Structures are given as structure tokens and as C-alpha cells.
file upload22.txt (compact mmCIF, C-alpha atoms)
# COMPACT_ATOMS: atom_id res chain seq x y z
CA MET A 208 0.00 0.00 0.00
CA ARG A 209 0.98 3.65 -0.43
CA VAL A 210 0.57 5.09 3.05
CA CYS A 211 0.86 8.73 4.12
CA LEU A 212 1.25 9.26 7.86
CA VAL A 213 0.67 12.83 9.05
CA SER A 214 2.16 13.54 12.47
CA THR A 215 2.82 16.79 14.30
CA THR A 216 6.17 15.44 15.52
CA TYR A 217 8.65 12.76 14.52
CA ARG A 218 12.13 11.75 15.57
CA PRO A 219 14.59 13.04 16.69
CA ARG A 220 11.91 14.23 19.11
CA THR A 221 11.04 11.57 21.66
CA GLY A 222 7.88 10.51 23.44
CA GLY A 223 5.03 8.03 23.18
CA LEU A 224 3.54 9.57 20.03
CA GLU A 225 6.89 9.69 18.29
CA THR A 226 7.74 6.11 19.31
CA HIS A 227 4.42 4.87 17.97
CA VAL A 228 4.60 6.67 14.63
CA VAL A 229 8.26 5.73 14.02
CA THR A 230 7.58 2.10 14.91
CA LEU A 231 4.50 1.90 12.69
CA ALA A 232 6.20 3.60 9.75
CA GLN A 233 9.30 1.42 9.87
CA ALA A 234 7.30 -1.79 10.29
CA LEU A 235 5.07 -0.95 7.30
CA ALA A 236 8.12 -0.10 5.19
CA ALA A 237 9.82 -3.35 6.21
CA GLN A 238 6.81 -5.24 4.83
CA GLY A 239 7.24 -3.55 1.45
CA HIS A 240 4.66 -0.77 1.76
CA GLN A 241 5.55 2.71 0.50
CA VAL A 242 5.41 4.95 3.55
CA THR A 243 5.57 8.75 3.53
CA ILE A 244 5.72 10.80 6.71
CA LEU A 245 4.50 14.40 6.60
CA THR A 246 5.73 16.07 9.76
CA ASN A 247 7.25 19.18 11.29
CA ARG A 248 10.62 20.74 10.55
CA ASP A 249 12.05 21.93 13.85
CA SER A 250 15.00 23.92 12.52
CA GLN A 251 16.56 25.25 9.35
CA THR A 252 19.25 22.58 9.59
CA GLU A 253 16.79 19.70 9.30
CA PRO A 254 16.40 18.42 5.74
CA VAL A 255 13.08 19.04 4.02
CA ARG A 256 13.15 15.62 2.38
CA GLY A 257 14.88 12.47 3.48
CA LEU A 258 14.82 8.68 3.51
CA GLU A 259 15.07 7.19 7.00
CA ASP A 260 15.02 3.41 7.47
CA GLY A 261 13.03 2.97 4.28
CA VAL A 262 10.53 5.72 5.18
CA ILE A 263 10.18 8.89 3.08
CA VAL A 264 10.21 11.82 5.52
CA LEU A 265 8.87 15.21 4.40
CA ARG A 266 9.21 18.10 6.84
CA ALA A 267 7.04 21.21 6.58
CA GLY A 268 8.88 24.34 7.71
CA ALA A 269 6.57 27.24 6.88
CA LEU A 270 6.19 28.11 10.55
CA LEU A 271 9.95 28.56 10.91
CA ALA A 272 9.85 31.72 8.82
CA GLY A 273 9.92 34.95 10.82
CA LEU A 274 7.41 37.69 10.18
CA SER A 275 9.85 40.59 10.39
CA GLY A 276 9.79 42.75 7.29
CA GLN A 277 7.19 40.59 5.56
CA GLN A 278 3.82 41.85 4.40
CA THR A 279 1.97 38.95 5.99
CA VAL A 280 -1.05 38.56 8.19
CA PRO A 281 0.10 36.72 11.34
CA TRP A 282 -3.24 35.00 11.88
CA GLU A 283 -3.21 33.61 8.37
CA VAL A 284 0.38 32.43 8.71
CA ALA A 285 -0.43 30.70 12.00
CA LEU A 286 -3.61 29.06 10.74
CA PHE A 287 -2.86 28.32 7.09
CA GLY A 288 0.89 28.67 6.65
CA LEU A 289 1.51 24.96 6.36
CA LEU A 290 -0.83 24.50 3.40
CA SER A 291 1.73 25.79 0.93
CA ASP A 292 4.18 23.23 2.29
CA VAL A 293 1.64 20.45 1.83
CA GLU A 294 1.12 21.48 -1.78
CA GLU A 295 4.84 21.61 -2.45
CA LEU A 296 5.84 18.44 -0.59
CA LEU A 297 3.01 16.14 -1.62
CA GLY A 298 2.25 17.66 -5.01
CA ALA A 299 -0.28 15.53 -6.84
CA GLU A 300 1.02 12.29 -5.31
CA SER A 301 -1.66 9.71 -4.67
CA PHE A 302 -1.97 7.39 -1.68
CA ASP A 303 -4.04 4.36 -0.77
CA VAL A 304 -4.65 5.77 2.71
CA VAL A 305 -3.84 8.88 4.74
CA HIS A 306 -3.46 8.24 8.47
CA THR A 307 -3.33 11.30 10.74
CA HIS A 308 -2.01 11.40 14.30
CA THR A 309 -3.30 14.07 16.72
CA GLN A 310 -6.09 16.58 16.28
CA ALA A 311 -3.77 19.10 14.62
CA ALA A 312 -2.72 16.52 12.01
CA LEU A 313 -6.34 15.73 11.15
CA LEU A 314 -7.17 19.44 10.87
CA LEU A 315 -4.23 20.00 8.50
CA ALA A 316 -5.20 17.02 6.35
CA ALA A 317 -8.77 18.27 6.14
CA LEU A 318 -7.74 21.83 5.25
CA ALA A 319 -5.37 20.47 2.59
CA GLY A 320 -8.13 18.35 1.04
CA LEU A 321 -6.23 15.09 1.48
CA HIS A 322 -9.51 13.28 2.10
CA HIS A 323 -10.40 13.90 -1.54
CA ARG A 324 -7.29 11.99 -2.60
CA ALA A 325 -7.49 8.95 -0.37
CA PRO A 326 -9.32 7.29 2.51
CA LEU A 327 -8.71 9.09 5.78
CA VAL A 328 -7.96 7.27 9.04
CA ALA A 329 -7.48 9.34 12.19
CA SER A 330 -5.76 8.51 15.46
CA PHE A 331 -5.81 10.81 18.48
CA HIS A 332 -3.06 10.82 21.08
CA GLU A 333 -4.18 13.74 23.27
CA THR A 334 -4.99 12.23 26.66
CA GLN A 335 -6.82 15.26 28.08
CA PRO A 336 -7.79 17.46 25.12
CA GLU A 337 -10.48 19.16 27.19
CA THR A 338 -7.77 20.82 29.29
CA GLU A 339 -6.19 22.58 26.30
CA PRO A 340 -7.23 26.14 25.32
CA CYS A 341 -10.84 25.99 24.06
CA GLY A 342 -10.35 22.24 24.40
CA PRO A 343 -13.96 20.98 24.55
CA SER A 344 -15.27 22.99 21.58
CA ARG A 345 -12.08 22.52 19.57
CA SER A 346 -12.10 18.77 20.15
CA ARG A 347 -15.76 18.38 19.24
CA LEU A 348 -15.17 20.30 16.00
CA ILE A 349 -12.08 18.35 14.94
CA VAL A 350 -12.72 14.88 16.35
CA GLY A 351 -16.44 14.75 15.79
CA GLY A 352 -16.87 17.14 12.88
CA LEU A 353 -14.22 16.33 10.28
CA ALA A 354 -15.59 12.85 9.57
CA PRO A 355 -12.63 10.58 8.82
CA ASP A 356 -13.61 7.27 7.29
CA LEU A 357 -12.47 5.45 10.42
CA VAL A 358 -10.92 6.38 13.74
CA LEU A 359 -8.14 4.03 14.82
CA ALA A 360 -7.89 4.19 18.60
CA GLY A 361 -4.74 2.97 20.30
CA SER A 362 -6.67 1.76 23.36
CA ASP A 363 -10.18 1.29 24.70
CA ALA A 364 -9.68 4.51 26.68
CA PHE A 365 -8.94 6.46 23.49
CA ALA A 366 -11.99 4.85 21.83
CA VAL A 367 -14.29 5.98 24.65
CA GLN A 368 -12.81 9.48 24.40
CA ALA A 369 -13.42 9.64 20.63
CA VAL A 370 -17.05 8.55 20.97
CA GLY A 371 -17.55 11.10 23.74
CA LEU A 372 -16.33 13.81 21.37
CA GLY A 373 -18.80 12.90 18.66
CA VAL A 374 -17.31 10.07 16.58
CA PRO A 375 -19.97 7.43 15.82
CA ALA A 376 -19.03 4.23 17.65
CA ALA A 377 -19.53 2.29 14.42
CA ARG A 378 -16.56 4.13 12.92
CA VAL A 379 -14.09 3.45 15.75
CA ARG A 380 -11.63 0.55 15.64
CA VAL A 381 -9.29 -0.31 18.54
CA VAL A 382 -5.76 -1.44 17.72
CA HIS A 383 -3.42 -1.40 20.69
CA HIS A 384 -0.05 0.16 19.96
CA GLY A 385 2.76 -2.28 19.32
CA LEU A 386 6.51 -2.34 19.80
CA PRO A 387 9.27 -4.55 18.38
CA VAL A 388 9.66 -7.66 20.49
CA GLY A 389 13.44 -7.44 20.69
CA ALA A 390 15.68 -9.64 22.78
CA PRO A 391 15.42 -10.13 26.54
CA VAL A 392 17.55 -7.55 28.35
CA ARG A 393 17.35 -8.65 31.97
CA PRO A 394 20.49 -10.88 31.95
CA HIS A 395 22.54 -7.80 30.98
CA ARG A 396 21.32 -5.51 33.76
CA MET A 397 24.65 -4.94 35.54
CA GLN A 398 26.41 -4.20 32.27
CA ALA A 399 23.66 -1.69 31.46
CA ARG A 400 24.06 -0.07 34.90
CA ARG A 401 27.77 0.41 34.29
CA LEU A 402 27.14 1.86 30.83
CA LEU A 403 24.49 4.20 32.23
CA ALA A 404 26.88 5.28 34.97
CA ARG A 405 29.59 6.10 32.44
CA SER A 406 27.37 7.81 29.87
CA CYS A 407 24.86 9.62 32.08
CA ALA A 408 26.41 9.61 35.57
CA VAL A 409 23.59 7.49 37.01
CA PRO A 410 25.11 5.63 39.99
CA ALA A 411 25.50 1.89 39.47
CA ASP A 412 24.66 0.83 43.04
CA GLY A 413 21.27 0.18 44.63
CA ILE A 414 17.87 -0.87 43.32
CA LEU A 415 16.92 1.37 40.39
CA ILE A 416 13.30 2.51 40.01
CA THR A 417 12.68 4.26 36.69
CA LEU A 418 9.92 6.55 35.44
CA VAL A 419 9.89 7.41 31.73
CA GLY A 420 7.55 10.16 30.61
CA ARG A 421 7.27 13.76 29.47
CA PHE A 422 7.85 16.28 32.22
CA LYS A 423 4.29 17.41 32.79
CA GLU A 424 2.00 17.27 35.80
CA ARG A 425 -0.14 14.46 34.41
CA LYS A 426 2.85 12.11 34.39
CA GLY A 427 3.23 12.28 38.17
CA GLN A 428 6.99 12.67 38.70
CA ARG A 429 6.31 14.70 41.84
CA ARG A 430 4.11 11.90 43.16
CA LEU A 431 7.04 9.51 42.87
CA VAL A 432 9.43 11.89 44.65
CA GLU A 433 6.93 12.35 47.49
CA ALA A 434 6.41 8.59 47.86
CA TYR A 435 10.16 8.01 47.77
CA GLN A 436 10.56 10.01 50.97
CA LEU A 437 8.19 7.59 52.72
CA MET A 438 9.79 4.36 51.50
CA GLY A 439 11.20 2.17 54.24
CA THR A 440 13.77 0.86 51.78
CA ARG A 441 14.81 4.32 50.56
CA THR A 442 18.47 3.90 51.46
CA GLN A 443 18.64 0.87 49.13
CA VAL A 444 16.91 2.65 46.23
CA ARG A 445 17.82 5.12 43.53
CA LEU A 446 15.30 6.87 41.28
CA LEU A 447 15.73 7.66 37.60
CA LEU A 448 13.44 10.18 35.90
CA VAL A 449 13.78 9.99 32.12
CA GLY A 450 11.72 12.58 30.30
CA SER A 451 11.27 14.35 27.05
CA CYS A 452 10.84 18.12 27.12
CA ASN A 453 8.91 17.90 23.84
CA SER A 454 5.35 19.09 24.55
CA ALA A 455 6.37 19.21 28.19
CA ASP A 456 6.04 21.86 30.88
CA VAL A 457 9.40 23.44 31.72
CA GLY A 458 7.83 25.01 34.78
CA TYR A 459 6.81 21.58 36.01
CA LEU A 460 10.34 20.25 35.59
CA ASP A 461 11.54 23.21 37.66
CA LEU A 462 9.11 22.14 40.40
CA VAL A 463 10.45 18.59 40.30
CA ARG A 464 14.00 19.88 40.69
CA ALA A 465 12.89 22.17 43.52
CA ASP A 466 11.32 19.19 45.30
CA LEU A 467 14.57 17.26 45.02
CA ALA A 468 16.55 20.19 46.43
CA ARG A 469 14.08 20.81 49.26
CA LEU A 470 14.10 17.16 50.28
CA GLY A 471 17.85 16.85 49.93
CA CYS A 472 17.73 13.80 47.69
CA GLN A 473 19.40 15.11 44.52
CA ASP A 474 22.25 12.64 45.02
CA ARG A 475 19.84 9.70 44.92
CA VAL A 476 17.52 10.87 42.13
CA SER A 477 18.86 11.26 38.59
CA VAL A 478 17.04 13.36 35.98
CA LEU A 479 17.74 12.76 32.28
CA GLU A 480 16.15 15.28 29.91
CA SER A 481 15.30 14.80 26.24
CA CYS A 482 17.14 11.52 25.94
CA PRO A 483 17.47 9.80 22.57
CA ASP A 484 15.86 6.39 22.22
CA PRO A 485 19.10 4.42 22.80
CA VAL A 486 19.56 6.08 26.22
CA ARG A 487 15.94 5.36 27.12
CA ASP A 488 16.42 1.71 26.14
CA LEU A 489 19.62 1.55 28.20
CA ALA A 490 17.70 2.95 31.17
CA TRP A 491 15.11 0.20 30.91
CA ALA A 492 17.85 -2.44 30.65
CA ALA A 493 19.53 -1.05 33.77
CA SER A 494 16.38 -0.84 35.91
CA ASP A 495 14.89 -3.15 38.52
CA ILE A 496 11.38 -1.65 38.75
CA ALA A 497 9.37 0.56 36.41
CA THR A 498 6.70 2.96 37.60
CA GLN A 499 4.04 5.12 35.97
CA PRO A 500 2.18 7.33 38.48
CA SER A 501 0.18 9.21 35.82
CA THR A 502 -3.16 10.71 36.72
CA LEU A 503 -4.50 9.47 33.37
CA GLU A 504 -3.10 7.68 30.30
CA GLY A 505 -4.51 6.83 26.90
CA LEU A 506 -2.55 3.59 26.99
CA GLY A 507 0.78 3.97 28.79
CA LEU A 508 3.33 3.02 26.14
CA ALA A 509 6.18 3.45 28.65
CA CYS A 510 4.67 0.58 30.65
CA VAL A 511 4.70 -1.56 27.52
CA GLU A 512 8.37 -0.69 26.98
CA ALA A 513 9.14 -1.65 30.57
CA MET A 514 7.31 -4.97 30.22
CA PHE A 515 9.26 -5.80 27.06
CA ALA A 516 12.36 -5.16 29.17
CA GLY A 517 11.15 -7.74 31.68
CA LEU A 518 10.40 -5.25 34.46
CA PRO A 519 7.60 -5.32 37.03
CA VAL A 520 5.49 -2.16 36.85
CA VAL A 521 3.92 -0.10 39.64
CA ALA A 522 1.28 2.10 38.03
CA THR A 523 -1.77 4.16 38.83
CA ASP A 524 -5.02 2.24 38.87
CA THR A 525 -6.63 4.31 36.12
CA ASP A 526 -8.02 4.09 32.59
CA GLY A 527 -5.45 3.26 29.94
CA LEU A 528 -2.93 1.83 32.37
CA ARG A 529 -5.37 -0.94 33.32
CA GLU A 530 -5.24 -2.07 29.69
CA VAL A 531 -1.51 -2.71 30.04
CA VAL A 532 -0.71 -3.64 33.65
CA SER A 533 -2.46 -6.47 35.46
CA ALA A 534 -2.03 -8.23 38.80
CA ALA A 535 0.11 -10.80 37.00
CA THR A 536 2.56 -8.20 35.67
CA GLY A 537 2.72 -5.50 38.32
CA LEU A 538 0.84 -3.46 40.89
CA LEU A 539 -2.03 -1.06 40.22
CA VAL A 540 -2.35 1.33 43.14
CA ASP A 541 -3.61 4.76 44.16
CA THR A 542 -0.46 6.78 43.49
CA SER A 543 -2.17 9.96 44.71
CA ASP A 544 -1.73 8.52 48.23
CA PRO A 545 2.04 8.73 48.81
CA ARG A 546 2.01 6.19 51.64
CA THR A 547 0.14 3.58 49.59
CA TYR A 548 2.45 4.25 46.66
CA ALA A 549 5.55 3.93 48.85
CA GLN A 550 4.35 0.65 50.33
CA ALA A 551 3.81 -0.81 46.86
CA LEU A 552 7.34 0.15 45.81
CA ASP A 553 8.79 -1.19 49.07
CA SER A 554 7.04 -4.52 48.55
CA LEU A 555 8.94 -5.08 45.30
CA VAL A 556 12.29 -3.73 46.48
CA THR A 557 12.41 -6.41 49.17
CA ALA A 558 11.18 -9.25 46.95
CA PRO A 559 13.62 -10.02 44.08
CA ASP A 560 11.88 -13.31 43.26
CA ARG A 561 8.54 -11.55 42.91
CA ARG A 562 10.14 -8.89 40.72
CA ALA A 563 11.48 -11.61 38.45
CA GLN A 564 8.11 -13.40 38.33
CA LEU A 565 6.15 -10.26 37.50
CA GLY A 566 8.76 -9.15 34.98
CA ALA A 567 8.70 -12.47 33.13
CA ALA A 568 4.90 -12.43 33.05
CA GLY A 569 4.95 -8.84 31.82
CA ARG A 570 7.30 -9.63 28.96
CA ALA A 571 5.17 -12.61 27.93
CA ARG A 572 2.04 -10.43 27.95
CA ALA A 573 3.75 -7.67 25.99
CA MET A 574 4.96 -10.09 23.33
CA LYS A 575 1.44 -11.42 22.89
CA ALA A 576 -0.69 -8.27 23.24
CA PHE A 577 1.61 -5.43 22.17
CA SER A 578 3.84 -6.75 19.41
CA VAL A 579 4.38 -4.54 16.38
CA GLU A 580 3.55 -7.46 14.09
CA ARG A 581 0.05 -7.74 15.59
CA ALA A 582 -0.41 -3.97 15.51
CA VAL A 583 0.61 -3.66 11.84
CA GLU A 584 -1.58 -6.56 10.75
CA GLN A 585 -4.61 -5.05 12.47
CA THR A 586 -3.78 -1.55 11.24
CA LEU A 587 -3.65 -2.75 7.63
CA THR A 588 -7.07 -4.33 8.13
CA VAL A 589 -8.38 -0.92 9.26
CA TYR A 590 -6.77 0.75 6.23
CA ARG A 591 -8.45 -1.69 3.83
CA GLU A 592 -11.83 -1.24 5.50
CA ALA A 593 -11.45 2.55 5.30
CA ALA A 594 -10.67 2.25 1.60
CA VAL A 595 -13.88 0.32 1.00
CA ARG A 596 -15.92 2.89 2.94
CA TRP A 597 -14.27 5.75 1.05
CA ARG A 598 -15.07 4.25 -2.35
CA VAL A 599 -18.66 3.53 -1.35
CA ASP A 600 -19.16 7.05 0.03
CA ARG A 601 -17.74 8.61 -3.13
CA ALA A 602 -19.92 6.43 -5.33
CA VAL A 603 -23.02 7.38 -3.38
CA GLY A 604 -22.05 11.05 -3.15
call {"tool": "encode", "arguments": {"input": "upload22.txt", "output": "C-alpha cells"}}
result
Amino acid sequence: MRVCLVSTTYRPRTGGLETHVVTLAQALAAQGHQVTILTNRDSQTEPVRGLEDGVIVLRAGALLAGLSGQQTVPWEVALFGLLSDVEELLGAESFDVVHTHTQAALLLAALAGLHHRAPLVASFHETQPETEPCGPSRSRLIVGGLAPDLVLAGSDAFAVQAVGLGVPAARVRVVHHGLPVGAPVRPHRMQARRLLARSCAVPADGILITLVGRFKERKGQRRLVEAYQLMGTRTQVRLLLVGSCNSADVGYLDLVRADLARLGCQDRVSVLESCPDPVRDLAWAASDIATQPSTLEGLGLACVEAMFAGLPVVATDTDGLREVVSAATGLLVDTSDPRTYAQALDSLVTAPDRRAQLGAAGRARAMKAFSVERAVEQTLTVYREAAVRWRVDRAVG
């Protein structure tokens, strides 16, 4: 198939959205499909066109241009500036399906008339769109009003959200995100700890508890720091906070650092900002326990990554995370209660056999439920169904 993926961000930016889109694009290309990514150009040094791991990457840079000295209307540049890039980069090229990621990507595709060229499949990755500026009305307009042929939801939680914003349930398909299975990493943990110590100055001693997630309040880094102070095993434990600053809240990261300074635990808590994927993978390989204290998640792809790494997971008992973590693979707890959260972490620190059991069960579940092979097969099924709907709608219309 000729597939066009439209995403607001792509690598080298990091995060759950970027991981998903990169993984999907590369897996489709590896199967022989022609994959084109239309995404953002973050700087003048980034190439406009490129071929990355078999994927054609087109980067729109209209919003990089300054307004100084130009006879432009700022509102028009902000709202419609990318359309000229779409015309130039895509030209008259035809696709078998256009798959957008995020509300902004769907809006751009609709404004550019891409739905007239090919079937349109939309995925939404915004976990709490109602909290954004004009979020409720904006979301209802884009999600419920632009009428993609099908909505591909990465979890049941995302599916419920889409229906709540106006998408007919009959047009929603759930395909859980997938990741490459990879090789087991647990036997190499001590080697990974030494590499992490040399490359990122993360101490190699103690039990390592790792949280991977953007630095924003919803991800709950401050919850973990507060619970850490109440852990009975604290002297045996080190924390690692790995986070992207892409779409993050710099002010929130400042609060996290202030907490660490106030509590005097900077020497036992390491913070790694905007790490490339290899460093993130090394962090998982070096860890003993993974945690995700988010207030809400659409799915919790970081938990899936941790499970592939053979780690037990301590996560918030909330929508999205329940689709990933179960009693057989980790602990679902009320992370808003620091004492309860601390007790859950303590229970795993003192039980290496239980950590190993939960980690092995988590990896087995991840390989079965969250493999990229399963995700691509099901995604292609959604693409083909969307194509049929698109042809029928055009014939009737």
C-alpha cells in the first residue's frame, strides 16, 4: 500500500507519540509498503526531504519563517501557513490511505483536502484534550466534525474518548499500539548499569526505580518523589526520571527539581532530559522496577516498553494503564496517596523473586498483546476497510 502518515512530531523528538509513529512507519516499510511521513521541521538545519530506514520523511517548515519585514497577516500564517508546504511536498502524489495522528494533524489534512485523494484514518493521542485552550469545543469540532472514514484508537480509553467527542461508535476501531519484540535484556542488567553510569552519571549501586515520561504534571513525577521520601527501603533505592521536554512543561520540571533540592535527595535521584531512544532503552535495561504514576493515560506506552524489558510495573489504577498492567505483571495502586504508593514500591524492592516473576509475566504479555507485528496486521485491516468505505461514500455522493 501507499501510506501517508501525518504527524505533528517525529524523531529526533522523543515521546510516546513519536515512538508509535516511528515504529508503525518502519514496520510498514519493512513489509514492502511505500510509507511517507508528513511532519514538522524543527530547525533550518533539518532536511526538508529524506529517507530514513526505508521511510520517506517530508518536513514542513513554513512556521519557521519569521514575520519581520514581511507583508503577511500573522493569523493567516499561523492558521494556514503549512498549506503551501503540503502542496509543495506532496504535489499531486496519490496514496491508498492517509493516516493522521493528533487533532492538529487531522485538521491539517482536512484543510489540505487530502480526504479527496485517499481514505482518511485518524488517530488521536491527546490524553486530556479538554484541558487545552478551548479544548472541549475545539475537540468536538475536529474529532467529531471532520468525519474521517475510520478512527483508529490505540486503546479502549482512546476509543471511549473519541465517541464522547462525537465520533460514531460504528466508525471506531481499537488497535493497541505495538513495539518490536526485541531480545530479553534482563540478563545484561549490571552491564547496562555500568554503561548508564559512564554515559549519564547514574550511579550503578542500589535498586533502580525508573519513570519514563514527558515532564508534565499528568505524568506524576512529583508523586514519585513524594512517595520516595516515605519508603522504608529508601536507602537501598535510587530513582531515575527519564523525560522528554517535547510538549512538556518546563515550569513543572523546575518544580520537580525544587522538590529534590528541598528534600535533599538530589544525590539519589537522577534526571535525564530529552534523551534519545538508545539512552531510554539503556535505562530500561539497567532498571529493577518501572513505575508510571500518571493521573491518566490513553494507553501507557512506557509501561509496555518496561514490560518488554522484563520489568515489574507499579502504576496508577486508572483508565489506559489498566489495559496494560495487570495483577500478574505489576501493581495497580492509588499513586495519589504517597504512603500507599511507597508501600507498593517497598514490597517489590524487598522481593527479588517476585520482581522476576512479575517481569517475566509482563514480557510474555507484551509479546502477545503489544507486538508490532500484531499492531501492523490489524492496522492494515483498518486501512483496507477505510478504503472500501471511502469508495462507497464517493460512489453514493
call {"tool": "residues_around", "arguments": {"input": "upload22.txt", "residues": "Tyr590 in chain A", "least_positions_apart": "5", "cutoff": "10 Å", "atoms": "all atoms listed in the file", "output": "PDB file with C-alpha atoms, in the coordinates of the input"}}
result
ATOM      1  CA  MET A 208       0.000   0.000   0.000  1.00  0.00           C
ATOM      2  CA  VAL A 210       0.570   5.090   3.050  1.00  0.00           C
ATOM      3  CA  ASP A 303      -4.040   4.360  -0.770  1.00  0.00           C
ATOM      4  CA  VAL A 304      -4.650   5.770   2.710  1.00  0.00           C
ATOM      5  CA  VAL A 305      -3.840   8.880   4.740  1.00  0.00           C
ATOM      6  CA  HIS A 306      -3.460   8.240   8.470  1.00  0.00           C
ATOM      7  CA  PRO A 326      -9.320   7.290   2.510  1.00  0.00           C
ATOM      8  CA  LEU A 327      -8.710   9.090   5.780  1.00  0.00           C
ATOM      9  CA  VAL A 328      -7.960   7.270   9.040  1.00  0.00           C
ATOM     10  CA  ASP A 356     -13.610   7.270   7.290  1.00  0.00           C
ATOM     11  CA  LEU A 357     -12.470   5.450  10.420  1.00  0.00           C
ATOM     12  CA  LEU A 359      -8.140   4.030  14.820  1.00  0.00           C
ATOM     13  CA  GLN A 585      -4.610  -5.050  12.470  1.00  0.00           C
ATOM     14  CA  VAL A 595     -13.880   0.320   1.000  1.00  0.00           C
ATOM     15  CA  ARG A 596     -15.920   2.890   2.940  1.00  0.00           C
TER      16      ARG A 596
END
call {"tool": "closest_atom_pairs", "arguments": {"input": "upload22.txt", "of": "range 212-317 of chain A", "to": "range 469-481 of chain A", "cutoff": "10 Å", "atoms": "only C-alpha atoms", "output": "Markdown table"}}
result
| residue | atom | partner | partner_atom | distance |
| --- | --- | --- | --- | --- |
| A:Pro219 | CA | A:Ser481 | CA | 9.7 |
| A:Arg220 | CA | A:Ser481 | CA | 7.9 |
| A:Thr221 | CA | A:Ser481 | CA | 7.0 |
| A:Gly222 | CA | A:Ser481 | CA | 9.0 |
call {"tool": "atom_distance", "arguments": {"input": "upload22.txt", "atom1": "CA of Trp597 in chain A", "atom2": "CA of Val242 in chain A"}}
result
19.9 Å
call {"tool": "closest_residue", "arguments": {"input": "upload22.txt", "among": "A:Arg430, A:Arg581, A:His322, A:Arg561", "to": "Tyr548 in chain A", "atoms": "all atoms listed in the file"}}
result
A:Arg430
call {"tool": "atom_distance", "arguments": {"input": "upload22.txt", "atom1": "CA of Ile496 in chain A", "atom2": "CA of Ala360 in chain A"}}
result
28.5 Å
call {"tool": "residues_around", "arguments": {"input": "upload22.txt", "residues": "Phe287 in chain A", "least_positions_apart": "6", "cutoff": "12 Å", "atoms": "all atoms listed in the file", "output": "VMD selection string"}}
result
chain A and resid 269 to 270 279 to 281 293 to 294 311 314 to 319
call {"tool": "atom_distance", "arguments": {"input": "upload22.txt", "atom1": "CA of Val374 in chain A", "atom2": "CA of Gly352 in chain A"}}
result
8.0 Å
call {"tool": "closest_residue", "arguments": {"input": "upload22.txt", "among": "A:Ala329, A:Asp495, A:Ser346, A:Leu415", "to": "Arg380 in chain A", "atoms": "only C-alpha atoms"}}
result
A:Ala329
call {"tool": "closest_residue", "arguments": {"input": "upload22.txt", "among": "A:Lys575, A:Gln499, A:Leu565, A:Leu313", "to": "Val540 in chain A", "atoms": "all atoms listed in the file"}}
result
A:Gln499
call {"tool": "closest_residue", "arguments": {"input": "upload22.txt", "among": "A:Ala497, A:Ala299, A:Leu321, A:Leu258", "to": "Glu512 in chain A", "atoms": "all atoms listed in the file"}}
result
A:Ala497
call {"tool": "residues_around", "arguments": {"input": "upload22.txt", "residues": "Ala563 in chain A", "least_positions_apart": "3", "cutoff": "12 Å", "atoms": "all atoms listed in the file", "output": "list in words"}}
result
Arg393, Pro394, Asp495, Ile496, Met514, Ala516, Gly517, Leu518, Pro519, Val520, Ala535, Thr536, Gly537, Leu555, Val556, Thr557, Ala558, Pro559, Asp560, Gly566, Ala567, Ala568, Gly569 and Arg570 of chain A
call {"tool": "closest_residue", "arguments": {"input": "upload22.txt", "among": "A:Ser533, A:Ser451, A:Thr440, A:Thr215", "to": "Arg572 in chain A", "atoms": "all atoms listed in the file"}}
result
A:Ser533
